[in-house]
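Asks: So I've got this file, final14.txt, and it contains compact mmCIF, C-alpha atoms:
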```txt
# COMPACT_ATOMS: atom_id res chain seq x y z
CA MET A 1 21.76 53.92 -3.84
CA ALA A 2 21.69 51.55 -6.84
CA ARG A 3 23.99 49.01 -5.15
CA GLY A 4 21.12 47.84 -2.96
CA ARG A 5 19.28 46.59 -6.07
CA ALA A 6 22.13 44.46 -7.43
CA GLY A 7 20.00 41.31 -7.46
CA ASP A 8 16.89 42.91 -8.96
CA PRO A 9 16.42 41.96 -12.66
CA ASP A 10 13.69 44.59 -13.06
CA HIS A 11 16.16 47.29 -12.05
CA ALA A 12 18.55 45.93 -14.69
CA VAL A 13 15.79 46.41 -17.28
CA GLU A 14 15.33 50.02 -16.12
CA LEU A 15 19.06 50.65 -16.49
CA LEU A 16 19.34 49.02 -19.91
CA TRP A 17 16.34 50.89 -21.27
CA ARG A 18 17.55 54.07 -19.54
CA GLU A 19 14.48 54.49 -17.33
CA ASP A 20 16.47 54.95 -14.13
CA ASP A 21 15.83 58.37 -12.59
CA ALA A 22 18.97 58.70 -10.46
CA GLU A 23 20.48 62.17 -10.65
CA PRO A 24 24.00 61.98 -12.17
CA ARG A 25 26.87 63.58 -10.30
CA PRO A 26 28.81 66.29 -12.15
CA GLY A 27 31.47 64.64 -14.28
CA LEU A 28 30.12 61.13 -13.78
CA SER A 29 27.33 59.45 -15.74
CA LEU A 30 26.12 55.96 -16.51
CA ASP A 31 27.28 56.28 -20.13
CA ARG A 32 30.80 57.25 -19.05
CA ILE A 33 30.96 54.32 -16.65
CA VAL A 34 29.82 51.87 -19.33
CA ARG A 35 32.21 53.19 -21.97
CA THR A 36 35.10 53.00 -19.53
CA GLY A 37 34.12 49.44 -18.69
CA VAL A 38 34.18 48.57 -22.41
CA GLU A 39 37.64 50.09 -22.81
CA LEU A 40 38.92 48.18 -19.80
CA ALA A 41 37.47 44.87 -20.98
CA ASP A 42 38.83 45.42 -24.50
CA SER A 43 42.35 45.75 -23.10
CA GLU A 44 42.27 43.25 -20.22
CA GLY A 45 39.32 40.92 -20.86
CA LEU A 46 36.50 40.28 -18.40
CA ALA A 47 38.97 38.93 -15.86
CA GLY A 48 40.47 42.41 -15.64
CA LEU A 49 37.14 44.19 -15.22
CA SER A 50 36.17 45.40 -11.77
CA MET A 51 34.21 48.31 -10.37
CA ARG A 52 37.39 49.49 -8.64
CA LYS A 53 39.40 49.62 -11.85
CA VAL A 54 36.62 51.45 -13.68
CA ALA A 55 36.44 54.00 -10.87
CA GLU A 56 40.21 54.52 -10.94
CA ARG A 57 40.15 55.19 -14.68
CA LEU A 58 37.39 57.74 -14.18
CA GLY A 59 39.05 59.38 -11.19
CA PHE A 60 36.20 58.64 -8.78
CA THR A 61 35.75 56.39 -5.78
CA THR A 62 34.26 52.95 -6.25
CA MET A 63 31.26 53.91 -4.13
CA SER A 64 30.49 56.74 -6.56
CA LEU A 65 29.83 54.20 -9.31
CA TYR A 66 27.23 52.36 -7.24
CA ARG A 67 24.91 55.37 -7.45
CA HIS A 68 24.55 54.60 -11.18
CA VAL A 69 25.03 50.85 -11.51
CA PRO A 70 24.49 48.31 -8.70
CA GLY A 71 27.35 45.95 -9.51
CA ARG A 72 29.73 44.28 -11.95
CA GLU A 73 27.15 41.92 -13.49
CA GLN A 74 24.79 44.77 -14.32
CA LEU A 75 27.71 46.73 -15.72
CA ILE A 76 28.54 43.82 -18.03
CA ASP A 77 24.91 43.73 -19.25
CA LEU A 78 25.10 47.44 -20.01
CA MET A 79 28.43 47.00 -21.79
CA CYS A 80 27.05 44.18 -23.94
CA ASP A 81 24.08 46.26 -25.03
CA THR A 82 26.22 49.31 -25.72
CA VAL A 83 28.60 47.50 -28.09
CA ALA A 84 25.66 45.68 -29.70
CA GLY A 85 24.61 49.13 -30.92
CA GLU A 86 27.74 49.31 -33.07
CA ARG A 87 26.74 48.33 -36.59
CA THR A 88 29.50 46.94 -38.79
CA ALA A 89 27.44 48.02 -41.78
CA ALA A 90 26.23 51.53 -42.46
CA GLU A 91 22.51 52.14 -42.24
CA ALA A 92 20.54 51.48 -45.39
CA ALA A 93 20.92 54.08 -48.11
CA PRO A 94 17.89 56.12 -49.28
CA ASP A 95 17.37 53.77 -52.26
CA GLY A 96 16.91 50.82 -49.88
CA SER A 97 20.34 49.26 -50.43
CA ALA A 98 23.04 49.01 -47.78
CA ALA A 99 25.74 51.62 -48.20
CA ASP A 100 28.51 49.02 -47.95
CA GLY A 101 26.85 46.29 -50.00
CA SER A 102 25.72 44.16 -47.04
CA ALA A 103 22.37 42.37 -46.95
CA THR A 104 19.17 44.42 -46.73
CA GLU A 105 15.49 43.62 -46.27
CA GLY A 106 15.18 43.00 -50.01
CA ASP A 107 17.67 40.13 -49.98
CA GLY A 108 16.82 36.47 -49.43
CA TRP A 109 16.69 34.85 -46.01
CA ARG A 110 20.13 33.23 -46.36
CA ALA A 111 21.94 36.47 -47.22
CA ARG A 112 20.21 38.29 -44.35
CA LEU A 113 20.91 35.56 -41.79
CA GLU A 114 24.51 35.31 -42.94
CA ALA A 115 24.87 39.09 -42.59
CA CYS A 116 23.61 38.84 -38.98
CA ALA A 117 26.16 36.12 -38.23
CA ARG A 118 29.01 38.10 -39.77
CA GLU A 119 27.98 41.22 -37.90
CA GLY A 120 28.11 39.27 -34.64
CA TRP A 121 31.48 37.77 -35.59
CA GLU A 122 33.06 41.14 -36.36
CA LEU A 123 31.61 42.57 -33.15
CA ARG A 124 33.29 39.82 -31.14
CA ARG A 125 36.57 40.34 -32.94
CA ARG A 126 36.48 44.00 -31.89
CA HIS A 127 35.33 43.15 -28.37
CA PRO A 128 36.58 39.59 -27.63
CA TRP A 129 35.27 39.68 -24.04
CA LEU A 130 31.71 39.35 -25.40
CA ALA A 131 32.36 35.65 -25.93
CA GLU A 132 33.29 35.30 -22.25
CA VAL A 133 29.85 36.43 -21.06
CA ARG A 134 28.27 33.13 -20.10
CA GLY A 135 24.97 32.02 -18.62
CA GLY A 136 21.36 32.51 -19.62
CA ARG A 137 20.26 35.12 -17.09
CA HIS A 138 21.76 38.24 -18.61
CA VAL A 139 18.97 40.78 -19.17
CA PRO A 140 19.01 42.05 -22.79
CA GLY A 141 18.78 45.72 -23.66
CA PRO A 142 17.26 47.43 -26.71
CA ASN A 143 20.31 47.00 -28.97
CA ILE A 144 20.61 43.28 -28.26
CA VAL A 145 16.87 42.82 -28.77
CA ALA A 146 17.15 44.69 -32.10
CA CYS A 147 19.93 42.33 -33.24
CA TYR A 148 17.80 39.35 -32.24
CA GLU A 149 14.83 40.83 -34.08
CA ARG A 150 16.89 41.04 -37.28
CA MET A 151 17.92 37.40 -36.96
CA LEU A 152 14.36 36.26 -36.39
CA GLY A 153 13.10 38.44 -39.23
CA ALA A 154 15.57 36.84 -41.64
CA VAL A 155 13.87 33.44 -41.37
CA ALA A 156 10.40 34.28 -40.06
CA ASP A 157 8.76 34.07 -43.51
CA THR A 158 10.49 30.93 -44.79
CA GLY A 159 7.70 28.53 -43.88
CA LEU A 160 9.41 27.27 -40.73
CA ALA A 161 7.30 26.85 -37.59
CA PRO A 162 7.66 29.63 -34.97
CA ALA A 163 9.66 27.34 -32.66
CA GLU A 164 11.98 26.42 -35.56
CA VAL A 165 12.57 30.08 -36.40
CA ILE A 166 13.62 30.72 -32.79
CA ALA A 167 15.79 27.57 -32.80
CA VAL A 168 17.58 28.65 -36.00
CA ALA A 169 18.38 32.09 -34.55
CA GLY A 170 19.67 30.47 -31.36
CA LEU A 171 21.78 27.97 -33.28
CA VAL A 172 23.46 30.69 -35.36
CA GLY A 173 24.09 32.83 -32.29
CA ARG A 174 25.67 29.94 -30.36
CA PHE A 175 27.87 29.06 -33.33
CA VAL A 176 29.24 32.61 -33.49
CA ASP A 177 29.86 32.65 -29.73
CA SER A 178 31.61 29.28 -29.71
CA GLU A 179 33.97 30.24 -32.54
CA ALA A 180 34.72 33.58 -30.90
CA LEU A 181 35.44 31.89 -27.57
CA LEU A 182 38.13 29.74 -29.21
CA LEU A 183 39.90 32.93 -30.31
CA VAL A 184 39.65 34.36 -26.79
CA GLU A 185 41.08 31.19 -25.23
CA ALA A 186 43.97 31.09 -27.71
CA ALA A 187 44.80 34.76 -27.11
CA GLU A 188 44.65 34.28 -23.33
CA ALA A 189 46.98 31.26 -23.51
CA GLU A 190 49.43 33.31 -25.57
CA ARG A 191 49.29 36.20 -23.08
CA ARG A 192 49.98 33.87 -20.15
CA SER A 193 52.81 31.91 -21.79
CA GLY A 194 54.29 34.42 -24.20
CA VAL A 195 54.21 31.65 -26.84
CA SER A 196 51.93 31.72 -29.89
CA GLU A 197 49.69 28.79 -30.85
CA GLU A 198 51.86 28.10 -33.90
CA GLU A 199 55.07 28.10 -31.84
CA TRP A 200 53.57 25.90 -29.14
CA TRP A 201 52.34 23.22 -31.54
CA GLY A 202 55.52 23.46 -33.59
CA SER A 203 57.47 22.34 -30.53
CA ARG A 204 55.49 19.13 -29.99
CA ASP A 205 57.85 16.79 -31.84
CA THR A 206 57.55 14.11 -29.17
CA LEU A 207 53.79 14.01 -29.82
CA PHE A 208 54.06 14.01 -33.62
CA GLU A 209 56.42 11.03 -33.56
CA ARG A 210 53.64 8.97 -31.97
CA LEU A 211 50.92 9.93 -34.45
CA TYR A 212 52.23 7.65 -37.22
CA ASP A 213 50.47 4.78 -35.44
CA TYR A 214 47.12 6.29 -36.53
CA PRO A 215 46.65 5.59 -40.26
CA THR A 216 43.75 7.92 -41.07
CA LEU A 217 45.32 10.85 -39.27
CA THR A 218 48.66 10.14 -40.97
CA ARG A 219 47.09 9.89 -44.43
CA LEU A 220 45.26 13.21 -44.03
CA TRP A 221 48.37 14.82 -42.60
CA GLU A 222 50.59 13.63 -45.42
CA GLY A 223 47.90 14.64 -47.91
CA GLY A 224 48.24 18.27 -46.81
CA GLY A 225 45.00 18.45 -44.83
CA PHE A 226 46.67 20.36 -42.00
CA ASP A 227 48.83 22.59 -44.22
CA GLN A 228 46.03 24.85 -45.47
CA PRO A 229 43.07 24.16 -43.19
CA GLU A 230 39.58 25.45 -43.85
CA ASP A 231 38.71 28.68 -42.06
CA PRO A 232 36.59 27.30 -39.18
CA PHE A 233 34.17 30.22 -39.12
CA GLU A 234 33.62 30.34 -42.88
CA PHE A 235 33.32 26.56 -43.20
CA GLY A 236 31.03 26.20 -40.21
CA LEU A 237 28.74 29.08 -41.17
CA ALA A 238 28.30 27.79 -44.73
CA ARG A 239 27.48 24.27 -43.52
CA LEU A 240 25.10 25.58 -40.88
CA LEU A 241 23.20 27.66 -43.46
CA ASP A 242 23.12 24.66 -45.80
CA GLY A 243 21.38 22.73 -43.05
CA VAL A 244 18.81 25.49 -42.51
CA GLU A 245 18.18 25.60 -46.26
CA LEU A 246 17.56 21.85 -46.29
CA LEU A 247 15.13 22.19 -43.38
CA ILE A 248 13.22 24.95 -45.19
CA ARG A 249 12.99 22.79 -48.29
CA GLN A 250 11.72 19.82 -46.27
CA ARG A 251 9.08 21.97 -44.60
CA TYR A 252 7.96 23.32 -47.97
CA GLU A 253 7.75 19.93 -49.66
CA SER A 254 5.68 18.53 -46.78
CA SER A 255 3.27 21.48 -46.78
CA ASP A 256 -0.03 21.63 -48.60
CA GLU A 257 0.05 25.40 -48.68
CA THR A 258 1.84 27.95 -50.81
CA GLY A 259 5.53 27.80 -49.94
CA VAL A 260 8.51 30.07 -50.39
CA CYS A 261 11.69 29.86 -52.45
CA VAL A 262 14.33 28.15 -50.31
CA VAL A 263 16.95 30.61 -51.60
CA CYS A 264 15.32 34.04 -51.49
CA GLY A 265 12.05 33.54 -49.62
CA THR A 266 9.78 34.65 -52.50
CA PRO A 267 6.34 32.97 -52.37
CA VAL A 268 6.09 29.98 -54.73
CA ASP A 269 2.74 28.49 -55.72
CA ARG A 270 2.42 24.76 -55.32
CA PRO A 271 1.63 23.12 -58.70
CA ALA A 272 -1.57 21.10 -59.05
CA ALA A 273 0.47 18.01 -59.89
CA GLY A 274 4.08 16.91 -59.94
CA ARG A 275 7.06 17.72 -57.77
CA PRO A 276 6.74 20.86 -55.58
CA ARG A 277 8.77 23.84 -56.74
CA ALA A 278 11.51 24.72 -54.30
CA TYR A 279 12.73 27.78 -56.24
CA CYS A 280 10.95 30.85 -57.59
CA SER A 281 13.16 31.17 -60.67
CA SER A 282 15.96 29.52 -62.61
CA SER A 283 18.43 32.06 -61.20
CA CYS A 284 17.66 30.94 -57.63
CA ARG A 285 18.01 27.31 -58.70
CA GLN A 286 21.43 28.12 -60.18
CA ARG A 287 22.46 29.98 -57.02
CA ALA A 288 21.56 26.93 -54.92
CA TYR A 289 23.52 24.67 -57.28
CA ARG A 290 26.60 26.92 -57.17
CA ARG A 291 26.38 27.07 -53.39
CA ARG A 292 26.35 23.30 -53.09
CA ARG A 293 29.33 23.03 -55.44
CA THR A 294 31.47 25.90 -54.17
CA GLY A 295 30.01 27.07 -50.88
CA ARG A 296 29.40 30.53 -52.42
CA ASP A 297 26.64 32.21 -54.41
```
Will you turn the file into structure tokens for me?
Replies:
Amino acid sequence: MARGRAGDPDHAVELLWREDDAEPRPGLSLDRIVRTGVELADSEGLAGLSMRKVAERLGFTTMSLYRHVPGREQLIDLMCDTVAGERTAAEAAPDGSAADGSATEGDGWRARLEACAREGWELRRRHPWLAEVRGGRHVPGPNIVACYERMLGAVADTGLAPAEVIAVAGLVGRFVDSEALLLVEAAEAERRSGVSEEEWWGSRDTLFERLYDYPTLTRLWEGGGFDQPEDPFEFGLARLLDGVELLIRQRYESSDETGVCVVCGTPVDRPAAGRPRAYCSSSCRQRAYRRRRTGRD
């Protein structure tokens, strides 16, 4: 029975990569268990997920599930990998472009890395419980590894050192998770109290009366800074990518070898004399300038 291998990471790998040879019972399969777990977590969050509740939804006993998956933690790993297989963008069209206009292999590193971040963001908006999966010992499956591969591939040829490429991918992933977790926490607080974030803060008059003693906060408040705040995900992602672009430029300018365009990743020959070229063309230079001025290409 699979339950006896609940603490075996190698068994988790077998399950995630579908190498487990357990015979499924009629009407019950690992895929059905995982999909039901996803549905339950989507509606109740991870706090509402249990092997018992999954079994009840399927019409089986809890012990029946343990023949296929050893425990709740392994079920969560399977659920994470299953939803990671959902692509927000359609697969690339025959001509090499993405059917919905998203970034493809032919785009620059920034567009591709941004597309990975947005894909992860939309995935967590559809399945908020993903942001609640904490800890570093969750075994990844093929879909999660494929997502990670795309992130690494976006910046692998930018001239960054291997360790920096891995650090960039990790930084972007943690940013997406942290922003998604804020949404989960706000939604959970609203479920518990029955009061929205806007209503709760709108009732804090006793606090607001005391804030006039803080001049900078008051000046920004009266200047409208809190009336139309920046979208935290959009603002944070743009600034994060700006920082990666600056790092790529610094690595290129300090290198004695042929570098790459800091915008699109196209190889750029280092001139024999003078300032190193950071861009492959005037159009990429203009894109970088517009981005610094407006935050958009």
Asks: Between A:Asn143, A:Thr266, A:Ser283, A:Thr158, which has the minimum distance to A:Cys80 (counting all atoms listed in the file)?
Replies: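 When distances to A:Cys80 are compared using all atoms listed in the file, the smallest one comes from A:Asn143.
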Asks: Using all atoms listed in the file for the distances, tell me which of A:Leu220, A:Ala111, A:Val139, A:Val133 is nearest to A:Ala238.
Replies: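 The shortest atom-to-atom distance to A:Ala238 comes from A:Ala111.
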Asks: One number please: atom CA of A:Asp231 to atom CA of A:Asp205, in Å, one decimal.
Replies: 24.7 Å
Asks: So the first atom is atom CA of A:Pro267 and the second is atom CA of A:Cys280; what is the distance between them in Å, to one decimal place?
Replies: 7.3 Å
Asks: So which one's closest to A:Val69, A:Leu183, A:Ala12, A:Val38, A:Leu46? Using only C-alpha atoms, please.
Replies: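 Closest to A:Val69 of all the choices is A:Ala12.
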Asks: So what do you get for atom CA of A:Leu40 versus atom CA of A:Phe175, distance-wise?
Replies: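 The value is 25.9 Å.
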Asks: Counting only C-alpha atoms, write as a ChimeraX atom specification all protein and nucleic acid residues lying at most 10 Å from (26.4, 55.9, -22.6) in the file's frame.
Replies: /A:18,29-36,78-79,82
Asks: Please return stretch 212-226 of chain A, rebuilt to N, CA and C atoms, as a JSON list (two decimals), keeping the file's coordinate frame.
Replies:
```json
[["chain", "number", "residue", "atom", "x", "y", "z"],
["A", 212, "TYR", "N", 52.15, 8.53, -36.05],
["A", 212, "TYR", "CA", 52.23, 7.65, -37.22],
["A", 212, "TYR", "C", 51.55, 6.30, -36.97],
["A", 213, "ASP", "N", 51.19, 6.02, -35.74],
["A", 213, "ASP", "CA", 50.47, 4.78, -35.44],
["A", 213, "ASP", "C", 48.99, 4.88, -35.78],
["A", 214, "TYR", "N", 48.53, 6.07, -36.21],
["A", 214, "TYR", "CA", 47.12, 6.29, -36.53],
["A", 214, "TYR", "C", 46.99, 6.54, -38.03],
["A", 215, "PRO", "N", 46.57, 5.53, -38.80],
["A", 215, "PRO", "CA", 46.65, 5.59, -40.26],
["A", 215, "PRO", "C", 45.81, 6.68, -40.92],
["A", 216, "THR", "N", 44.58, 6.89, -40.44],
["A", 216, "THR", "CA", 43.75, 7.92, -41.07],
["A", 216, "THR", "C", 44.33, 9.30, -40.83],
["A", 217, "LEU", "N", 44.71, 9.57, -39.60],
["A", 217, "LEU", "CA", 45.32, 10.85, -39.27],
["A", 217, "LEU", "C", 46.59, 11.07, -40.09],
["A", 218, "THR", "N", 47.42, 10.03, -40.21],
["A", 218, "THR", "CA", 48.66, 10.14, -40.97],
["A", 218, "THR", "C", 48.39, 10.41, -42.44],
["A", 219, "ARG", "N", 47.41, 9.70, -43.01],
["A", 219, "ARG", "CA", 47.09, 9.89, -44.43],
["A", 219, "ARG", "C", 46.61, 11.32, -44.70],
["A", 220, "LEU", "N", 45.75, 11.84, -43.85],
["A", 220, "LEU", "CA", 45.26, 13.21, -44.03],
["A", 220, "LEU", "C", 46.38, 14.22, -43.82],
["A", 221, "TRP", "N", 47.24, 13.94, -42.87],
["A", 221, "TRP", "CA", 48.37, 14.82, -42.60],
["A", 221, "TRP", "C", 49.30, 14.86, -43.80],
["A", 222, "GLU", "N", 49.68, 13.68, -44.28],
["A", 222, "GLU", "CA", 50.59, 13.63, -45.42],
["A", 222, "GLU", "C", 49.93, 14.13, -46.70],
["A", 223, "GLY", "N", 48.61, 14.10, -46.76],
["A", 223, "GLY", "CA", 47.90, 14.64, -47.91],
["A", 223, "GLY", "C", 47.74, 16.14, -47.89],
["A", 224, "GLY", "N", 48.28, 16.81, -46.87],
["A", 224, "GLY", "CA", 48.24, 18.27, -46.81],
["A", 224, "GLY", "C", 47.02, 18.84, -46.12],
["A", 225, "GLY", "N", 46.22, 17.98, -45.46],
["A", 225, "GLY", "CA", 45.00, 18.45, -44.83],
["A", 225, "GLY", "C", 45.22, 19.46, -43.73],
["A", 226, "PHE", "N", 46.38, 19.42, -43.08],
["A", 226, "PHE", "CA", 46.67, 20.36, -42.00],
["A", 226, "PHE", "C", 47.53, 21.54, -42.47]]
```
